[in-house]
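J.: Before I ask anything, let me first share the structure, which is written out below as structure tokens.
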Amino acid sequence: MLRKIRLILASVFFIGITLLFVDFTGLLHHWLGWMAKIQFLPAVLAMNLVVVVALIALTLLFGRIYCSVICPLGVMQDVIARLRRKKNKYAYSKAVSWLRYTMLGVMVVALIAGLGSVVQLLAPYSSFGRIATNLLQPVWQYSNNLLAAVAEHYDSYAFYTTDVWLKSVPTFVIAVATLLIVGFLAWRHGRTYCNTVCPVGTVLGFLSRFSYFKVHFVEDKCRNCSLCSKNCKAACIDFKTHTVDYSRCVTCGNCITQCKFGALEYSHRPALAKTTAGEAAAPVGGEVVDKGKRSFLLASALLSTAAIAQEKKKVDGGLAVIEDKVAPHRVTPITPPGSLSAANMAKRCTGCQLCVSECPNGVLRPATDWLHVMQPVMSYERGYCRPECTRCSDVCPTGAIKPVTRADKSSTQIGHAVWIKKNCVPVTDGVECGNCARHCPAGAIEMVPLNEEDENTPFVPAVDEAKCIGCGACENLCPARPFSAIIVEGHEVHKNI
């Protein structure tokens with residue numbers, strides 16, 4: 001019963017967070033967005049003291065329930081481990097403490113030094129986010145497009161098609177490598193990754209040593225059958241010495257379920273009184289242990305975790321194939337409105353890809369430079385950053401992109417447009433254009449004569465940098481191919497206009 005309750009809650013969290021990453025409509029965020037904000041490392045980086053204190057209190061009270069219920073990477077490991085159809089497949093092993101605390105030290109140093117790439121590789125929630133965004137979201141999108149095609153065949157437009165594209169090769173490779181490494185460790189050894197590499201697991205493991213409720217042996221009932229050790233995915237139960245390494249125990253309840261003699265219990269302290277055959281264990285005071293109460297206790301602990309918490313070708317008129325745009329080289333990358341600065345983004349972003357997966361305009365994609373790899377940057381080949389859209393700031397759980405209103409976004413200058421003469425069609429082709437000026441939502445572009453002394457001179461764009469907000473509408477809608485005649489250069493620190 002206890003195990004079933006944990007599995008139900010873990011399934012709810014795992015499915016909910018997965019849907020949050022694969023959803024491209026933004027509808028699920030209203031119901032599931034809180035699941036991202038109660039993840040441990042994002043809450044720490046966002047300085048969300050309520051969530052951090054709640055998770056610490058939960059651990060000090062019930063042990064590492066967070067790792068077996070709330071953490072999506074932890075639950076994913078359990079799913080993969082179950083694919084190995086072998087009974088009694090684990091065994092007790094000593095903790096590799098030097099590796100655990102070394103990885104924690106690396107994480108702390110990386111956070112202090114602003115080495116975002118290292119933090120992102122070690123963050124468990126972000127690792128799962130990259131797997132979901134790069135490997136699962138395309139499957140979700142293809143399924144949606146198939147439904148849209150079927151519905152259209154029957155004159156129904158309940159679904160709409162969406163572009164499926166590879167946003168970043170390095171991030172995709174990292175996501176695949178993470179899945180293979182973590183998956184192999186889980187398939188062979190259960191929670192090895194959690195208890196040797198994961199910094200969050202190390203922190204919570206240290207706290208769980210002092211948890212109020214723990215799994216204890218009732219030694220007089222134990223027959224040393226080793227079933228508890230053979231079914232402990234954390235490899236933390238030594239049946240020979242009747243001890244449990246609480247820093248690695250994730251309070252999954254598997255050992256209690258598998259024990260045929262009732263020799264394990266989840267309680268505040270172990271039973272001290274000896275028992276005789278056929279008698280119930282009696283703690284100090286002579287009261288008989290009520291197994292129903294123990295079941296209720298662990299069930300309540302599990303339930304409390306829930307209480308902490310919503311390629312087609314494009315053609316012009318069927319005549320000419322429109323060449324795809326190529327991303328220009330930007331001296332300064334563009335970070336989303338609400339990120340405040342490149343420094344704030346590097347300090348707080350864990351590269352979970354939630355903002356990338358949620359961006360409805362195809363503007364956000366992971367950076368490819370190794371210093372900031374996996375952190376979101378903006379580019380305008382597929383769309384532009386519409387002033388009325390604030391979805392990336394709404395979904396960010398770490399504070400790397402702080403919430404902004406539509407009014408604030410329209411007055412935030414994340415970059416400025418720069419005209420490139422050699423690409424402009426009025427200059428190269430001698431035709432009238434003005435697309436950039438017509439579609440600029442800030443009114444920062446006007447068409448002026450290239451040569452005022454020549455009455456036949458073409459009109460070209462002039463940018464008022466004081467008005468430009470860097471939204472990229474001009475760059476995206478410029479007809480020049482493959483390189484736009486007007487591009488946006490980012491600002492290291494955002495400005496208000």
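Naming scheme: A, B, ... for chains in displayed order of the structure tokens; residues 1 onward per chain; ligands 1 onward as shown.
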Neighbouring residues of stretch 389-400 of chain A were defined as those with any atom within 9 Å, considering only C-alpha atoms; residues of the same chain fewer than 3 positions away were excluded. Please report them as an NGL selection string.
T.: :A and (26 or 29 or 33-34 or 36-39 or 41-48 or 336-340 or 344-350 or 354-356 or 358-360 or 364 or 385-386 or 403-406 or 409)
J.: Could you save those same residues with N, CA and C atoms as a short mmCIF file (atom, residue, chain, number, x, y, z; two decimals), in the first residue's frame?
T.:
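And here is the file that came out, out-v1.cif:
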data_model
loop_
_atom_site.label_atom_id
_atom_site.label_comp_id
_atom_site.auth_asym_id
_atom_site.auth_seq_id
_atom_site.Cartn_x
_atom_site.Cartn_y
_atom_site.Cartn_z
N GLY A 26 1.67 26.41 -24.21
CA GLY A 26 1.67 27.27 -23.03
C GLY A 26 0.46 27.09 -22.13
N HIS A 29 1.10 25.38 -18.51
CA HIS A 29 1.87 26.11 -17.50
C HIS A 29 0.99 26.64 -16.38
N GLY A 33 2.93 24.76 -13.77
CA GLY A 33 4.13 25.57 -13.61
C GLY A 33 4.76 25.48 -12.24
N TRP A 34 3.94 25.26 -11.20
CA TRP A 34 4.46 25.17 -9.83
C TRP A 34 5.38 23.98 -9.64
N ALA A 36 7.80 23.04 -11.53
CA ALA A 36 9.16 23.47 -11.83
C ALA A 36 9.72 24.35 -10.71
N LYS A 37 8.85 25.14 -10.11
CA LYS A 37 9.31 26.09 -9.09
C LYS A 37 9.60 25.43 -7.75
N ILE A 38 9.17 24.19 -7.52
CA ILE A 38 9.47 23.53 -6.25
C ILE A 38 10.66 22.57 -6.38
N GLN A 39 11.35 22.59 -7.51
CA GLN A 39 12.59 21.82 -7.63
C GLN A 39 13.67 22.49 -6.79
N LEU A 41 17.21 22.96 -6.66
CA LEU A 41 18.22 23.90 -7.13
C LEU A 41 17.59 25.15 -7.75
N PRO A 42 16.56 25.04 -8.60
CA PRO A 42 15.91 26.26 -9.08
C PRO A 42 15.38 27.14 -7.96
N ALA A 43 14.83 26.53 -6.91
CA ALA A 43 14.32 27.32 -5.79
C ALA A 43 15.46 28.04 -5.07
N VAL A 44 16.62 27.38 -4.94
CA VAL A 44 17.78 28.01 -4.31
C VAL A 44 18.25 29.20 -5.14
N LEU A 45 18.38 29.01 -6.45
CA LEU A 45 18.86 30.08 -7.32
C LEU A 45 17.88 31.24 -7.40
N ALA A 46 16.58 30.92 -7.31
CA ALA A 46 15.56 31.97 -7.32
C ALA A 46 15.39 32.62 -5.96
N MET A 47 16.13 32.11 -4.96
CA MET A 47 16.04 32.59 -3.57
C MET A 47 14.59 32.52 -3.07
N ASN A 48 13.93 31.44 -3.46
CA ASN A 48 12.56 31.18 -3.02
C ASN A 48 12.62 30.49 -1.65
N PRO A 336 16.93 37.18 -23.10
CA PRO A 336 15.51 37.54 -23.10
C PRO A 336 15.19 38.71 -22.17
N PRO A 337 14.13 39.46 -22.48
CA PRO A 337 13.66 40.50 -21.55
C PRO A 337 13.33 39.88 -20.20
N GLY A 338 13.78 40.52 -19.13
CA GLY A 338 13.60 39.97 -17.80
C GLY A 338 14.87 39.34 -17.24
N SER A 339 15.83 39.04 -18.14
CA SER A 339 17.09 38.45 -17.68
C SER A 339 18.03 39.51 -17.09
N LEU A 340 17.73 40.77 -17.32
CA LEU A 340 18.45 41.93 -16.77
C LEU A 340 19.83 42.12 -17.37
N ASN A 344 23.57 38.13 -15.01
CA ASN A 344 22.49 37.52 -14.24
C ASN A 344 22.07 36.18 -14.85
N MET A 345 22.03 36.14 -16.18
CA MET A 345 21.68 34.89 -16.86
C MET A 345 22.72 33.81 -16.55
N ALA A 346 24.01 34.17 -16.63
CA ALA A 346 25.06 33.19 -16.37
C ALA A 346 25.05 32.72 -14.93
N LYS A 347 24.65 33.60 -14.01
CA LYS A 347 24.68 33.28 -12.59
C LYS A 347 23.54 32.36 -12.18
N ARG A 348 22.35 32.55 -12.76
CA ARG A 348 21.16 31.85 -12.27
C ARG A 348 20.63 30.76 -13.18
N CYS A 349 20.95 30.81 -14.46
CA CYS A 349 20.36 29.84 -15.40
C CYS A 349 20.98 28.47 -15.22
N THR A 350 20.14 27.43 -15.18
CA THR A 350 20.62 26.05 -15.09
C THR A 350 20.48 25.31 -16.42
N LEU A 354 13.36 24.96 -20.31
CA LEU A 354 11.91 25.15 -20.21
C LEU A 354 11.48 26.38 -21.00
N CYS A 355 12.24 27.46 -20.92
CA CYS A 355 11.89 28.67 -21.68
C CYS A 355 12.01 28.41 -23.18
N VAL A 356 13.02 27.63 -23.57
CA VAL A 356 13.21 27.30 -24.99
C VAL A 356 12.04 26.49 -25.52
N GLU A 358 9.04 26.45 -24.37
CA GLU A 358 7.78 27.18 -24.26
C GLU A 358 7.69 28.36 -25.22
N CYS A 359 8.81 28.81 -25.79
CA CYS A 359 8.79 30.01 -26.65
C CYS A 359 7.91 29.77 -27.87
N PRO A 360 6.83 30.56 -28.03
CA PRO A 360 5.89 30.30 -29.13
C PRO A 360 6.36 30.89 -30.46
N LEU A 364 13.92 31.68 -28.96
CA LEU A 364 14.91 31.20 -28.01
C LEU A 364 15.51 29.87 -28.47
N CYS A 385 10.60 38.50 -31.23
CA CYS A 385 10.11 38.53 -29.86
C CYS A 385 8.96 39.54 -29.77
N ARG A 386 7.76 39.02 -29.80
CA ARG A 386 6.58 39.90 -29.83
C ARG A 386 6.43 40.63 -28.49
N PRO A 403 10.03 37.72 -13.88
CA PRO A 403 8.72 38.05 -14.46
C PRO A 403 8.65 39.52 -14.89
N VAL A 404 8.13 39.73 -16.09
CA VAL A 404 7.96 41.08 -16.60
C VAL A 404 6.53 41.24 -17.12
N THR A 405 6.01 42.44 -17.04
CA THR A 405 4.70 42.73 -17.61
C THR A 405 4.88 43.12 -19.08
N ARG A 406 3.78 43.16 -19.80
CA ARG A 406 3.85 43.57 -21.21
C ARG A 406 4.36 45.00 -21.33
N LYS A 409 8.09 45.04 -20.72
CA LYS A 409 8.83 44.46 -21.83
C LYS A 409 8.94 45.44 -22.99
#
J.: Need to verify the contact set: A:His494, 7 Å, only C-alpha atoms, exclusion of same-chain residues closer than 6 positions in sequence. Can you return it as a count of residues only?
T.: 5
J.: Please identify the alpha helix (DSSP H) residues within stretch 303-406 of chain A (assignment by DSSP from backbone atoms) and present them as a ChimeraX atom specification.
T.: /A:303-307,342-348,354-358,391-395,406
J.: Write out as a PyMOL selection string which residues come within 7 Å of A:Phe14 when counting only C-alpha atoms, dropping same-chain ones fewer than 3 positions away.
T.: chain A and resi 10-11+17-18+72+75
J.: Of the residues A:Phe459, A:Phe239, A:Tyr157, A:Tyr212, which is the one nearest to A:Glu446, using only C-alpha atoms?
T.: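 Distance minimum relative to A:Glu446 lands on A:Phe459.
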J.: Applying 10 Å and only C-alpha atoms, which residues near stretch 80-89 of chain A remain after dropping the ones on its own chain fewer than 5 positions away? List them as a list of chain:residue names.
T.: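 Returned residues: A:Val75, A:Val182, A:Gly183, A:Phe184, A:Leu185, A:Ala186, A:Trp187, A:Arg188, A:His189, A:Gly190, A:Arg191, A:Ser226, A:Leu227, A:Cys228, A:Ser229, A:Lys230, A:Asn231, A:Cys232, A:Lys233, A:Gln258.
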J.: By how many Å are atom CA of A:Ala263 and atom CA of A:Phe217 apart?
T.: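 For atom CA of A:Ala263 relative to atom CA of A:Phe217, the distance reads 5.6 Å.
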J.: Using only C-alpha atoms, which residue out of A:Cys255, A:Val118, A:Cys194, A:Leu450 lies closest to A:Asp78?
T.: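 Result for the nearest residue to A:Asp78: A:Cys194.
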